[in-house]
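Novice: Please find one structure pasted underneath; my questions will follow.
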Amino acid sequence: MIKTKTWVIIICATFAVSAALALIIPSLKTDGTIANVYLDGVCIRSIDLERVKTPYSFTVTSERGENTILVERGRICVQSADCPDRICVDQGWLSGSVSPIVCLPHRLIIRIERRAKSDIDAISQ
Amino acid sequence: MSAKRLTRDAIFTAVALIIFIIELQIPALVPVPGVKLGLSNVVTVCAMFLLGPADTAAILFARIFLGSVFSGNMASFIYSLAGGLLCYLVMLILRKRLGEKQIWVCGVLCAIAHNIGQIAVAILVTATPYLISYLPILTVCAIITGLFTGFCAQFAVSRLKNILR
């Protein structure tokens, strides 16, 4: 049987390391400006955020549900969604952070990267 | 399986489900995918220390399956299952290694294991290895919620053990 004290130390150490990483990760910035929207791991839209002149929104629909994504110059967010938890909406604006916006129920992910993974919008916008 | 055992397991499942459904009504505290209180884990930890691995497996699986059906969110089934499975393995290892006053440790480690399982599935399902960047914040939340559920389970075990044995 491991002593309670040992457990406390193990858990405190894990907590400290995780807390430090959790504070560092959101402040890490990518130098990319292209927002790639992934559905089921496939990039369905790429938007160069630096080239957005007027804010606009579009809806991503799959058999699981809908997410309406709002794009402004330099930033992107999920405006509304019909997923059960709406965490993707609560995550707010994404502008250059390495942590992606995630909607697990709809398997939708928005990441800011250097390269466009889909060429549809990078050209049309 | 005796009628007594079946009834006892059914009551545990029912309690876990009720807690699970009530918890669904609580809005997400932190806007991070996967963070939740995990209150129904109190029942799972209790079951492991009071009833043993076989009964716990049945209770856990029934709760995860019925929970997904009742919440109308079958998409969450695979995440819950992966989290539950990893959590179960951790409990299996810890069962004989923890004293009665250390059950809270099980709550914490289970919560962490649950998140690792969920993230692993999320990475596989969405094909986005980058999701691992959520692991540290999830672990921080898991330790806090795990401490709470762990102590709940510990107190429940100490009060229930005389009735159930």
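Numbering starts fresh at 1 for the residues of each chain in the structure tokens, the chains themselves are lettered A, B, ... in the order given, and ligands are numbered from 1 as they appear.
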Tell me as an MDAnalysis selection string which residues belonging to chain B come within 9 Å of chain A, counting only C-alpha atoms.
Specialist: chainID B and resid 24 27:28 30:34 72:73 75:76 96:99 101:102 105 108:109 122 125:128 130:131 133:140 143
Novice: Any chance you can output those residues with N, CA and C atoms as an mmCIF file, in the first residue's frame?
Specialist:
```cif
data_model
loop_
_atom_site.group_PDB
_atom_site.id
_atom_site.type_symbol
_atom_site.label_atom_id
_atom_site.label_comp_id
_atom_site.auth_asym_id
_atom_site.auth_seq_id
_atom_site.Cartn_x
_atom_site.Cartn_y
_atom_site.Cartn_z
ATOM 1 N N LEU B 24 -26.264 16.736 -16.560
ATOM 2 C CA LEU B 24 -26.398 17.258 -17.927
ATOM 3 C C LEU B 24 -27.069 18.628 -17.944
ATOM 4 N N PRO B 27 -24.899 23.763 -16.864
ATOM 5 C CA PRO B 27 -24.148 24.226 -18.023
ATOM 6 C C PRO B 27 -22.636 24.059 -17.820
ATOM 7 N N ALA B 28 -21.920 23.980 -18.930
ATOM 8 C CA ALA B 28 -20.472 23.797 -18.869
ATOM 9 C C ALA B 28 -19.834 24.940 -18.085
ATOM 10 N N VAL B 30 -16.457 25.541 -17.702
ATOM 11 C CA VAL B 30 -15.296 26.062 -18.400
ATOM 12 C C VAL B 30 -15.482 25.765 -19.890
ATOM 13 N N PRO B 31 -15.243 26.745 -20.761
ATOM 14 C CA PRO B 31 -15.444 26.476 -22.190
ATOM 15 C C PRO B 31 -14.317 25.629 -22.798
ATOM 16 N N VAL B 32 -14.124 24.458 -22.270
ATOM 17 C CA VAL B 32 -13.125 23.549 -22.809
ATOM 18 C C VAL B 32 -13.834 22.224 -23.086
ATOM 19 N N PRO B 33 -13.696 21.687 -24.288
ATOM 20 C CA PRO B 33 -14.418 20.445 -24.577
ATOM 21 C C PRO B 33 -13.966 19.313 -23.656
ATOM 22 N N GLY B 34 -14.921 18.638 -23.038
ATOM 23 C CA GLY B 34 -14.596 17.476 -22.212
ATOM 24 C C GLY B 34 -14.609 17.723 -20.720
ATOM 25 N N GLY B 72 -29.972 11.619 -25.396
ATOM 26 C CA GLY B 72 -30.201 11.835 -26.819
ATOM 27 C C GLY B 72 -28.955 12.240 -27.549
ATOM 28 N N ASN B 73 -27.821 11.903 -26.987
ATOM 29 C CA ASN B 73 -26.555 12.318 -27.579
ATOM 30 C C ASN B 73 -25.689 11.085 -27.806
ATOM 31 N N ALA B 75 -23.669 10.579 -30.024
ATOM 32 C CA ALA B 75 -22.313 10.940 -30.450
ATOM 33 C C ALA B 75 -21.346 10.883 -29.270
ATOM 34 N N SER B 76 -21.877 11.099 -28.065
ATOM 35 C CA SER B 76 -21.004 11.114 -26.897
ATOM 36 C C SER B 76 -20.725 9.709 -26.379
ATOM 37 N N LYS B 96 -6.870 -2.921 -4.962
ATOM 38 C CA LYS B 96 -6.221 -3.629 -3.857
ATOM 39 C C LYS B 96 -5.085 -2.807 -3.235
ATOM 40 N N ARG B 97 -4.753 -1.696 -3.879
ATOM 41 C CA ARG B 97 -3.595 -0.924 -3.425
ATOM 42 C C ARG B 97 -3.973 0.292 -2.587
ATOM 43 N N LEU B 98 -5.264 0.534 -2.440
ATOM 44 C CA LEU B 98 -5.690 1.716 -1.684
ATOM 45 C C LEU B 98 -6.391 1.316 -0.393
ATOM 46 N N GLY B 99 -6.053 2.014 0.684
ATOM 47 C CA GLY B 99 -6.750 1.783 1.941
ATOM 48 C C GLY B 99 -8.087 2.493 1.932
ATOM 49 N N LYS B 101 -9.072 4.922 3.647
ATOM 50 C CA LYS B 101 -8.958 6.377 3.751
ATOM 51 C C LYS B 101 -8.266 6.989 2.530
ATOM 52 N N GLN B 102 -8.038 6.156 1.514
ATOM 53 C CA GLN B 102 -7.335 6.656 0.316
ATOM 54 C C GLN B 102 -8.194 6.557 -0.937
ATOM 55 N N VAL B 105 -8.084 9.083 -3.803
ATOM 56 C CA VAL B 105 -7.045 9.022 -4.840
ATOM 57 C C VAL B 105 -7.617 8.400 -6.109
ATOM 58 N N VAL B 108 -9.517 10.890 -8.191
ATOM 59 C CA VAL B 108 -8.650 11.793 -8.954
ATOM 60 C C VAL B 108 -8.067 11.081 -10.182
ATOM 61 N N LEU B 109 -7.468 9.904 -9.948
ATOM 62 C CA LEU B 109 -6.815 9.200 -11.052
ATOM 63 C C LEU B 109 -7.825 8.748 -12.106
ATOM 64 N N ALA B 122 -11.099 11.348 -29.301
ATOM 65 C CA ALA B 122 -11.306 12.572 -30.076
ATOM 66 C C ALA B 122 -10.217 12.723 -31.138
ATOM 67 N N VAL B 125 -11.032 10.105 -33.849
ATOM 68 C CA VAL B 125 -12.253 10.407 -34.595
ATOM 69 C C VAL B 125 -12.057 11.608 -35.525
ATOM 70 N N THR B 126 -11.412 12.649 -35.011
ATOM 71 C CA THR B 126 -11.275 13.864 -35.813
ATOM 72 C C THR B 126 -9.962 13.905 -36.581
ATOM 73 N N ALA B 127 -9.093 12.919 -36.349
ATOM 74 C CA ALA B 127 -7.783 12.870 -37.005
ATOM 75 C C ALA B 127 -6.995 14.155 -36.761
ATOM 76 N N THR B 128 -7.094 14.703 -35.560
ATOM 77 C CA THR B 128 -6.394 15.939 -35.228
ATOM 78 C C THR B 128 -5.524 15.722 -33.993
ATOM 79 N N TYR B 130 -3.531 17.501 -32.723
ATOM 80 C CA TYR B 130 -3.366 18.752 -32.007
ATOM 81 C C TYR B 130 -4.268 18.894 -30.787
ATOM 82 N N LEU B 131 -5.282 18.080 -30.718
ATOM 83 C CA LEU B 131 -6.208 18.145 -29.584
ATOM 84 C C LEU B 131 -5.507 17.857 -28.267
ATOM 85 N N SER B 133 -3.276 19.331 -27.029
ATOM 86 C CA SER B 133 -2.985 20.594 -26.336
ATOM 87 C C SER B 133 -4.033 20.904 -25.270
ATOM 88 N N TYR B 134 -5.150 20.184 -25.293
ATOM 89 C CA TYR B 134 -6.172 20.382 -24.263
ATOM 90 C C TYR B 134 -5.934 19.537 -23.027
ATOM 91 N N LEU B 135 -4.991 18.585 -23.136
ATOM 92 C CA LEU B 135 -4.791 17.658 -22.017
ATOM 93 C C LEU B 135 -4.397 18.346 -20.708
ATOM 94 N N PRO B 136 -3.448 19.319 -20.715
ATOM 95 C CA PRO B 136 -3.085 19.943 -19.429
ATOM 96 C C PRO B 136 -4.254 20.606 -18.721
ATOM 97 N N ILE B 137 -5.040 21.400 -19.428
ATOM 98 C CA ILE B 137 -6.169 22.084 -18.784
ATOM 99 C C ILE B 137 -7.217 21.062 -18.324
ATOM 100 N N LEU B 138 -7.381 20.006 -19.114
ATOM 101 C CA LEU B 138 -8.324 18.958 -18.711
ATOM 102 C C LEU B 138 -7.833 18.257 -17.449
ATOM 103 N N THR B 139 -6.521 18.052 -17.346
ATOM 104 C CA THR B 139 -5.969 17.385 -16.161
ATOM 105 C C THR B 139 -6.155 18.247 -14.918
ATOM 106 N N VAL B 140 -5.936 19.560 -15.069
ATOM 107 C CA VAL B 140 -6.144 20.477 -13.939
ATOM 108 C C VAL B 140 -7.595 20.368 -13.451
ATOM 109 N N ILE B 143 -8.332 16.979 -11.740
ATOM 110 C CA ILE B 143 -7.844 16.834 -10.365
ATOM 111 C C ILE B 143 -8.815 17.508 -9.388
#
```
Novice: Quick one: residues within 10 Å of Ile112 of chain B, only C-alpha atoms counted, chain neighbours fewer than 5 positions away excluded, as a list in words?
Specialist: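 Within the cut-off, the hits are Gly83, Leu86, Cys87, Val90, Cys106, Gly107, Gly117, Gln118, Leu135, Leu138, Thr139, Val140, Cys141, Ala142, Ile143, Thr145 and Gly146 of chain B.
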Novice: Write out as a ChimeraX atom specification all residues of segment 6-39 of chain B that DSSP puts in alpha helix (DSSP H) for this structure's backbone.
Specialist: /B:6-24
Novice: Just the selected residues (all heavy atoms), exported as a compact mmCIF listing (two decimals), in the first residue's frame, please.
Specialist:
```
# COMPACT_ATOMS: atom_id res chain seq x y z
N LEU B 6 -28.76 -8.72 -8.40
CA LEU B 6 -29.31 -8.01 -9.57
C LEU B 6 -29.98 -6.72 -9.14
O LEU B 6 -29.79 -5.66 -9.74
CB LEU B 6 -30.32 -8.93 -10.28
CG LEU B 6 -30.88 -8.43 -11.62
CD1 LEU B 6 -29.75 -8.30 -12.63
CD2 LEU B 6 -31.93 -9.39 -12.15
N THR B 7 -30.76 -6.79 -8.06
CA THR B 7 -31.46 -5.61 -7.56
C THR B 7 -30.47 -4.55 -7.11
O THR B 7 -30.61 -3.37 -7.43
CB THR B 7 -32.37 -6.00 -6.36
OG1 THR B 7 -33.08 -7.18 -6.70
CG2 THR B 7 -33.33 -4.90 -6.03
N ARG B 8 -29.45 -5.01 -6.37
CA ARG B 8 -28.44 -4.09 -5.85
C ARG B 8 -27.73 -3.36 -7.00
O ARG B 8 -27.59 -2.14 -7.00
CB ARG B 8 -27.43 -4.89 -5.03
CG ARG B 8 -26.58 -4.09 -4.10
CD ARG B 8 -25.51 -4.99 -3.52
NE ARG B 8 -24.79 -5.66 -4.60
CZ ARG B 8 -24.02 -6.74 -4.44
NH1 ARG B 8 -23.91 -7.30 -3.26
NH2 ARG B 8 -23.38 -7.26 -5.47
N ASP B 9 -27.32 -4.12 -8.02
CA ASP B 9 -26.65 -3.52 -9.18
C ASP B 9 -27.59 -2.57 -9.92
O ASP B 9 -27.16 -1.51 -10.39
CB ASP B 9 -26.16 -4.61 -10.13
CG ASP B 9 -24.96 -5.36 -9.57
OD1 ASP B 9 -24.61 -5.08 -8.40
OD2 ASP B 9 -24.40 -6.22 -10.27
N ALA B 10 -28.87 -2.95 -10.01
CA ALA B 10 -29.84 -2.10 -10.70
C ALA B 10 -30.00 -0.78 -9.97
O ALA B 10 -30.10 0.28 -10.60
CB ALA B 10 -31.18 -2.83 -10.81
N ILE B 11 -30.00 -0.83 -8.64
CA ILE B 11 -30.13 0.41 -7.85
C ILE B 11 -28.91 1.30 -8.09
O ILE B 11 -29.05 2.51 -8.32
CB ILE B 11 -30.31 0.09 -6.34
CG1 ILE B 11 -31.68 -0.57 -6.12
CG2 ILE B 11 -30.19 1.36 -5.50
CD1 ILE B 11 -31.90 -1.08 -4.71
N PHE B 12 -27.74 0.70 -8.07
CA PHE B 12 -26.52 1.48 -8.34
C PHE B 12 -26.59 2.13 -9.72
O PHE B 12 -26.26 3.32 -9.87
CB PHE B 12 -25.27 0.58 -8.25
CG PHE B 12 -24.64 0.55 -6.89
CD1 PHE B 12 -25.19 -0.18 -5.86
CD2 PHE B 12 -23.48 1.28 -6.64
CE1 PHE B 12 -24.61 -0.19 -4.60
CE2 PHE B 12 -22.90 1.29 -5.38
CZ PHE B 12 -23.46 0.54 -4.36
N THR B 13 -27.02 1.37 -10.72
CA THR B 13 -27.13 1.91 -12.08
C THR B 13 -28.14 3.06 -12.11
O THR B 13 -27.88 4.10 -12.72
CB THR B 13 -27.57 0.80 -13.07
OG1 THR B 13 -26.73 -0.33 -12.87
CG2 THR B 13 -27.47 1.27 -14.50
N ALA B 14 -29.27 2.86 -11.46
CA ALA B 14 -30.30 3.88 -11.44
C ALA B 14 -29.79 5.17 -10.79
O ALA B 14 -29.99 6.27 -11.31
CB ALA B 14 -31.53 3.36 -10.70
N VAL B 15 -29.09 5.03 -9.67
CA VAL B 15 -28.55 6.20 -8.98
C VAL B 15 -27.55 6.92 -9.89
O VAL B 15 -27.59 8.15 -10.05
CB VAL B 15 -27.89 5.80 -7.64
CG1 VAL B 15 -27.15 6.98 -7.03
CG2 VAL B 15 -28.93 5.28 -6.66
N ALA B 16 -26.66 6.13 -10.52
CA ALA B 16 -25.66 6.73 -11.41
C ALA B 16 -26.33 7.47 -12.55
O ALA B 16 -25.92 8.58 -12.92
CB ALA B 16 -24.73 5.64 -11.95
N LEU B 17 -27.38 6.87 -13.11
CA LEU B 17 -28.09 7.50 -14.24
C LEU B 17 -28.77 8.79 -13.83
O LEU B 17 -28.72 9.78 -14.55
CB LEU B 17 -29.14 6.53 -14.77
CG LEU B 17 -28.77 5.75 -16.02
CD1 LEU B 17 -29.88 4.78 -16.37
CD2 LEU B 17 -28.50 6.68 -17.19
N ILE B 18 -29.39 8.78 -12.65
CA ILE B 18 -30.09 9.98 -12.17
C ILE B 18 -29.06 11.11 -12.01
O ILE B 18 -29.27 12.23 -12.48
CB ILE B 18 -30.82 9.70 -10.84
CG1 ILE B 18 -32.00 8.75 -11.09
CG2 ILE B 18 -31.32 11.00 -10.22
CD1 ILE B 18 -32.58 8.13 -9.84
N ILE B 19 -27.93 10.79 -11.37
CA ILE B 19 -26.89 11.80 -11.19
C ILE B 19 -26.40 12.30 -12.55
O ILE B 19 -26.23 13.50 -12.78
CB ILE B 19 -25.71 11.22 -10.37
CG1 ILE B 19 -26.18 10.86 -8.95
CG2 ILE B 19 -24.56 12.22 -10.31
CD1 ILE B 19 -25.13 10.16 -8.12
N PHE B 20 -26.22 11.37 -13.48
CA PHE B 20 -25.74 11.70 -14.82
C PHE B 20 -26.71 12.66 -15.53
O PHE B 20 -26.29 13.67 -16.11
CB PHE B 20 -25.57 10.41 -15.63
CG PHE B 20 -25.07 10.61 -17.03
CD1 PHE B 20 -23.72 10.84 -17.25
CD2 PHE B 20 -25.93 10.57 -18.11
CE1 PHE B 20 -23.24 11.02 -18.54
CE2 PHE B 20 -25.46 10.76 -19.40
CZ PHE B 20 -24.12 10.98 -19.61
N ILE B 21 -28.00 12.35 -15.46
CA ILE B 21 -29.00 13.17 -16.15
C ILE B 21 -29.09 14.56 -15.51
O ILE B 21 -29.19 15.58 -16.19
CB ILE B 21 -30.40 12.49 -16.13
CG1 ILE B 21 -30.34 11.10 -16.77
CG2 ILE B 21 -31.46 13.36 -16.78
CD1 ILE B 21 -30.17 11.06 -18.26
N ILE B 22 -29.03 14.61 -14.17
CA ILE B 22 -29.09 15.90 -13.49
C ILE B 22 -27.86 16.73 -13.86
O ILE B 22 -27.96 17.93 -14.15
CB ILE B 22 -29.19 15.71 -11.96
CG1 ILE B 22 -30.57 15.14 -11.59
CG2 ILE B 22 -28.96 17.03 -11.22
CD1 ILE B 22 -30.73 14.77 -10.14
N GLU B 23 -26.71 16.06 -13.93
CA GLU B 23 -25.49 16.79 -14.26
C GLU B 23 -25.54 17.40 -15.66
O GLU B 23 -24.95 18.45 -15.91
CB GLU B 23 -24.29 15.85 -14.13
CG GLU B 23 -22.98 16.61 -14.03
CD GLU B 23 -21.77 15.70 -14.17
OE1 GLU B 23 -21.84 14.55 -13.72
OE2 GLU B 23 -20.78 16.18 -14.73
N LEU B 24 -26.26 16.74 -16.56
CA LEU B 24 -26.40 17.26 -17.93
C LEU B 24 -27.07 18.63 -17.94
O LEU B 24 -26.85 19.42 -18.86
CB LEU B 24 -27.23 16.30 -18.78
CG LEU B 24 -26.54 15.05 -19.32
CD1 LEU B 24 -27.54 14.24 -20.11
CD2 LEU B 24 -25.35 15.41 -20.18
```
Novice: I need the residues of segment 48-81 of chain A that end up classed as strand (DSSP E or B) by DSSP on the backbone, written out as a list in words.
Specialist: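 In segment 48-81 of chain A, DSSP puts these residues in strand (DSSP E or B): Asp48, Tyr56, Ser57, Phe58, Thr59, Val60, Thr61, Ser62, Gly65, Glu66, Asn67, Thr68, Ile69, Leu70, Val71, Glu72, Arg75, Ile76, Cys77, Val78, Gln79, Ser80 and Ala81 of chain A.
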Novice: Could you name the residues that touch Tyr56 of chain A at 8 Å or less, counting only C-alpha atoms, but leaving out those on the same chain fewer than 3 positions away, as a list in words?
Specialist: Leu70, Val71 and Glu72 of chain A
Novice: What is the atom CA of Gly38 of chain B to atom CA of Ala57 of chain B distance in Å?
Specialist: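 Rounded to one decimal, the two atoms are 17.0 Å apart.
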Novice: If you measure from atom CA of Ala116 of chain A to atom CA of Val78 of chain A, what distance in Å do you get, rounded to one decimal?
Specialist: 19.1 Å
Novice: With a distance cut-off of 10 Å and only C-alpha atoms, select the neighbouring residues of Glu100 of chain B, excluding the residue or stretch itself and same-chain residues fewer than 4 positions from it, and output the selection as a tab-separated table (two decimals) with N, CA and C atoms, in the first residue's frame.
Specialist:
```tsv
chain	number	residue	atom	x	y	z
B	49	PHE	N	-15.32	-0.46	-4.94
B	49	PHE	CA	-14.80	-0.79	-3.62
B	49	PHE	C	-15.80	-1.58	-2.77
B	104	TRP	N	-10.22	8.48	-2.15
B	104	TRP	CA	-10.27	9.75	-2.90
B	104	TRP	C	-9.22	9.77	-4.02
B	154	GLN	N	-15.53	8.18	-1.10
B	154	GLN	CA	-14.92	7.65	0.13
B	154	GLN	C	-15.91	7.68	1.30
B	155	PHE	N	-16.60	8.81	1.46
B	155	PHE	CA	-17.57	8.92	2.55
B	155	PHE	C	-18.73	7.96	2.34
B	157	VAL	N	-18.64	5.11	0.73
B	157	VAL	CA	-18.18	3.74	0.98
B	157	VAL	C	-18.14	3.46	2.48
B	158	SER	N	-17.61	4.41	3.25
B	158	SER	CA	-17.48	4.16	4.69
B	158	SER	C	-18.84	4.02	5.37
```
Novice: In Å, rounded to a single decimal, give me how far atom CA of Ala81 of chain A is from atom CA of Arg114 of chain A.
Specialist: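 Between atom CA of Arg114 of chain A and atom CA of Ala81 of chain A the gap works out to 26.6 Å.
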Novice: Using only C-alpha atoms, determine which residues lie at most 9 Å from Asn36 of chain A, disregarding the query and same-chain residues fewer than 2 positions distant; provide the list as a ChimeraX atom specification.
Specialist: /A:34,38,43-48,109-113,115-118
Novice: Using N, CA, C and O atoms, can you export the residues from the last selection as a PDB file, in the first residue's frame?
Specialist:
```
ATOM      1  N   ILE A  34      -4.130  31.665 -41.661  1.00  0.00           N
ATOM      2  CA  ILE A  34      -5.164  30.961 -42.401  1.00  0.00           C
ATOM      3  C   ILE A  34      -5.951  30.040 -41.482  1.00  0.00           C
ATOM      4  O   ILE A  34      -5.383  29.193 -40.799  1.00  0.00           O
ATOM      5  N   TYR A  38     -12.072  22.056 -40.284  1.00  0.00           N
ATOM      6  CA  TYR A  38     -12.064  20.612 -40.519  1.00  0.00           C
ATOM      7  C   TYR A  38     -13.370  19.993 -40.068  1.00  0.00           C
ATOM      8  O   TYR A  38     -13.870  20.295 -38.991  1.00  0.00           O
ATOM      9  N   CYS A  43     -10.301  18.898 -44.253  1.00  0.00           N
ATOM     10  CA  CYS A  43     -10.430  20.348 -44.336  1.00  0.00           C
ATOM     11  C   CYS A  43     -11.452  20.713 -45.393  1.00  0.00           C
ATOM     12  O   CYS A  43     -11.304  20.366 -46.563  1.00  0.00           O
ATOM     13  N   ILE A  44     -12.523  21.405 -44.984  1.00  0.00           N
ATOM     14  CA  ILE A  44     -13.586  21.723 -45.928  1.00  0.00           C
ATOM     15  C   ILE A  44     -13.533  23.188 -46.367  1.00  0.00           C
ATOM     16  O   ILE A  44     -14.113  23.553 -47.366  1.00  0.00           O
ATOM     17  N   ARG A  45     -12.836  24.020 -45.597  1.00  0.00           N
ATOM     18  CA  ARG A  45     -12.769  25.435 -45.956  1.00  0.00           C
ATOM     19  C   ARG A  45     -11.504  26.033 -45.394  1.00  0.00           C
ATOM     20  O   ARG A  45     -11.109  25.717 -44.280  1.00  0.00           O
ATOM     21  N   SER A  46     -10.870  26.904 -46.163  1.00  0.00           N
ATOM     22  CA  SER A  46      -9.721  27.644 -45.665  1.00  0.00           C
ATOM     23  C   SER A  46      -9.971  29.120 -45.908  1.00  0.00           C
ATOM     24  O   SER A  46     -10.392  29.497 -46.994  1.00  0.00           O
ATOM     25  N   ILE A  47      -9.732  29.916 -44.883  1.00  0.00           N
ATOM     26  CA  ILE A  47      -9.999  31.350 -44.995  1.00  0.00           C
ATOM     27  C   ILE A  47      -8.750  32.102 -44.548  1.00  0.00           C
ATOM     28  O   ILE A  47      -8.240  31.868 -43.456  1.00  0.00           O
ATOM     29  N   ASP A  48      -8.264  32.990 -45.406  1.00  0.00           N
ATOM     30  CA  ASP A  48      -7.142  33.829 -44.999  1.00  0.00           C
ATOM     31  C   ASP A  48      -7.710  34.996 -44.202  1.00  0.00           C
ATOM     32  O   ASP A  48      -8.326  35.911 -44.747  1.00  0.00           O
ATOM     33  N   ILE A 109     -13.521  21.119 -36.297  1.00  0.00           N
ATOM     34  CA  ILE A 109     -12.364  21.749 -35.678  1.00  0.00           C
ATOM     35  C   ILE A 109     -11.931  22.935 -36.533  1.00  0.00           C
ATOM     36  O   ILE A 109     -11.922  22.859 -37.767  1.00  0.00           O
ATOM     37  N   ILE A 110     -11.623  24.059 -35.859  1.00  0.00           N
ATOM     38  CA  ILE A 110     -11.092  25.217 -36.579  1.00  0.00           C
ATOM     39  C   ILE A 110      -9.691  25.481 -36.051  1.00  0.00           C
ATOM     40  O   ILE A 110      -9.498  25.635 -34.843  1.00  0.00           O
ATOM     41  N   ARG A 111      -8.736  25.510 -36.946  1.00  0.00           N
ATOM     42  CA  ARG A 111      -7.347  25.739 -36.548  1.00  0.00           C
ATOM     43  C   ARG A 111      -6.757  26.856 -37.381  1.00  0.00           C
ATOM     44  O   ARG A 111      -7.108  27.022 -38.548  1.00  0.00           O
ATOM     45  N   ILE A 112      -5.849  27.608 -36.753  1.00  0.00           N
ATOM     46  CA  ILE A 112      -5.134  28.624 -37.518  1.00  0.00           C
ATOM     47  C   ILE A 112      -3.770  28.070 -37.884  1.00  0.00           C
ATOM     48  O   ILE A 112      -3.022  27.610 -37.021  1.00  0.00           O
ATOM     49  N   GLU A 113      -3.491  28.054 -39.169  1.00  0.00           N
ATOM     50  CA  GLU A 113      -2.250  27.461 -39.653  1.00  0.00           C
ATOM     51  C   GLU A 113      -1.598  28.362 -40.693  1.00  0.00           C
ATOM     52  O   GLU A 113      -2.163  29.362 -41.105  1.00  0.00           O
ATOM     53  N   ARG A 115      -0.560  27.253 -43.737  1.00  0.00           N
ATOM     54  CA  ARG A 115      -0.985  26.921 -45.100  1.00  0.00           C
ATOM     55  C   ARG A 115      -2.468  26.604 -45.162  1.00  0.00           C
ATOM     56  O   ARG A 115      -3.037  26.088 -44.211  1.00  0.00           O
ATOM     57  N   ALA A 116      -3.067  26.900 -46.305  1.00  0.00           N
ATOM     58  CA  ALA A 116      -4.457  26.528 -46.529  1.00  0.00           C
ATOM     59  C   ALA A 116      -4.502  25.045 -46.863  1.00  0.00           C
ATOM     60  O   ALA A 116      -3.734  24.570 -47.687  1.00  0.00           O
ATOM     61  N   LYS A 117      -5.396  24.322 -46.187  1.00  0.00           N
ATOM     62  CA  LYS A 117      -5.503  22.889 -46.446  1.00  0.00           C
ATOM     63  C   LYS A 117      -6.626  22.608 -47.454  1.00  0.00           C
ATOM     64  O   LYS A 117      -6.824  21.498 -47.881  1.00  0.00           O
ATOM     65  N   SER A 118      -7.365  23.641 -47.794  1.00  0.00           N
ATOM     66  CA  SER A 118      -8.403  23.503 -48.794  1.00  0.00           C
ATOM     67  C   SER A 118      -8.322  24.790 -49.609  1.00  0.00           C
ATOM     68  O   SER A 118      -8.128  25.860 -49.076  1.00  0.00           O
TER      69      SER A 118
END
```
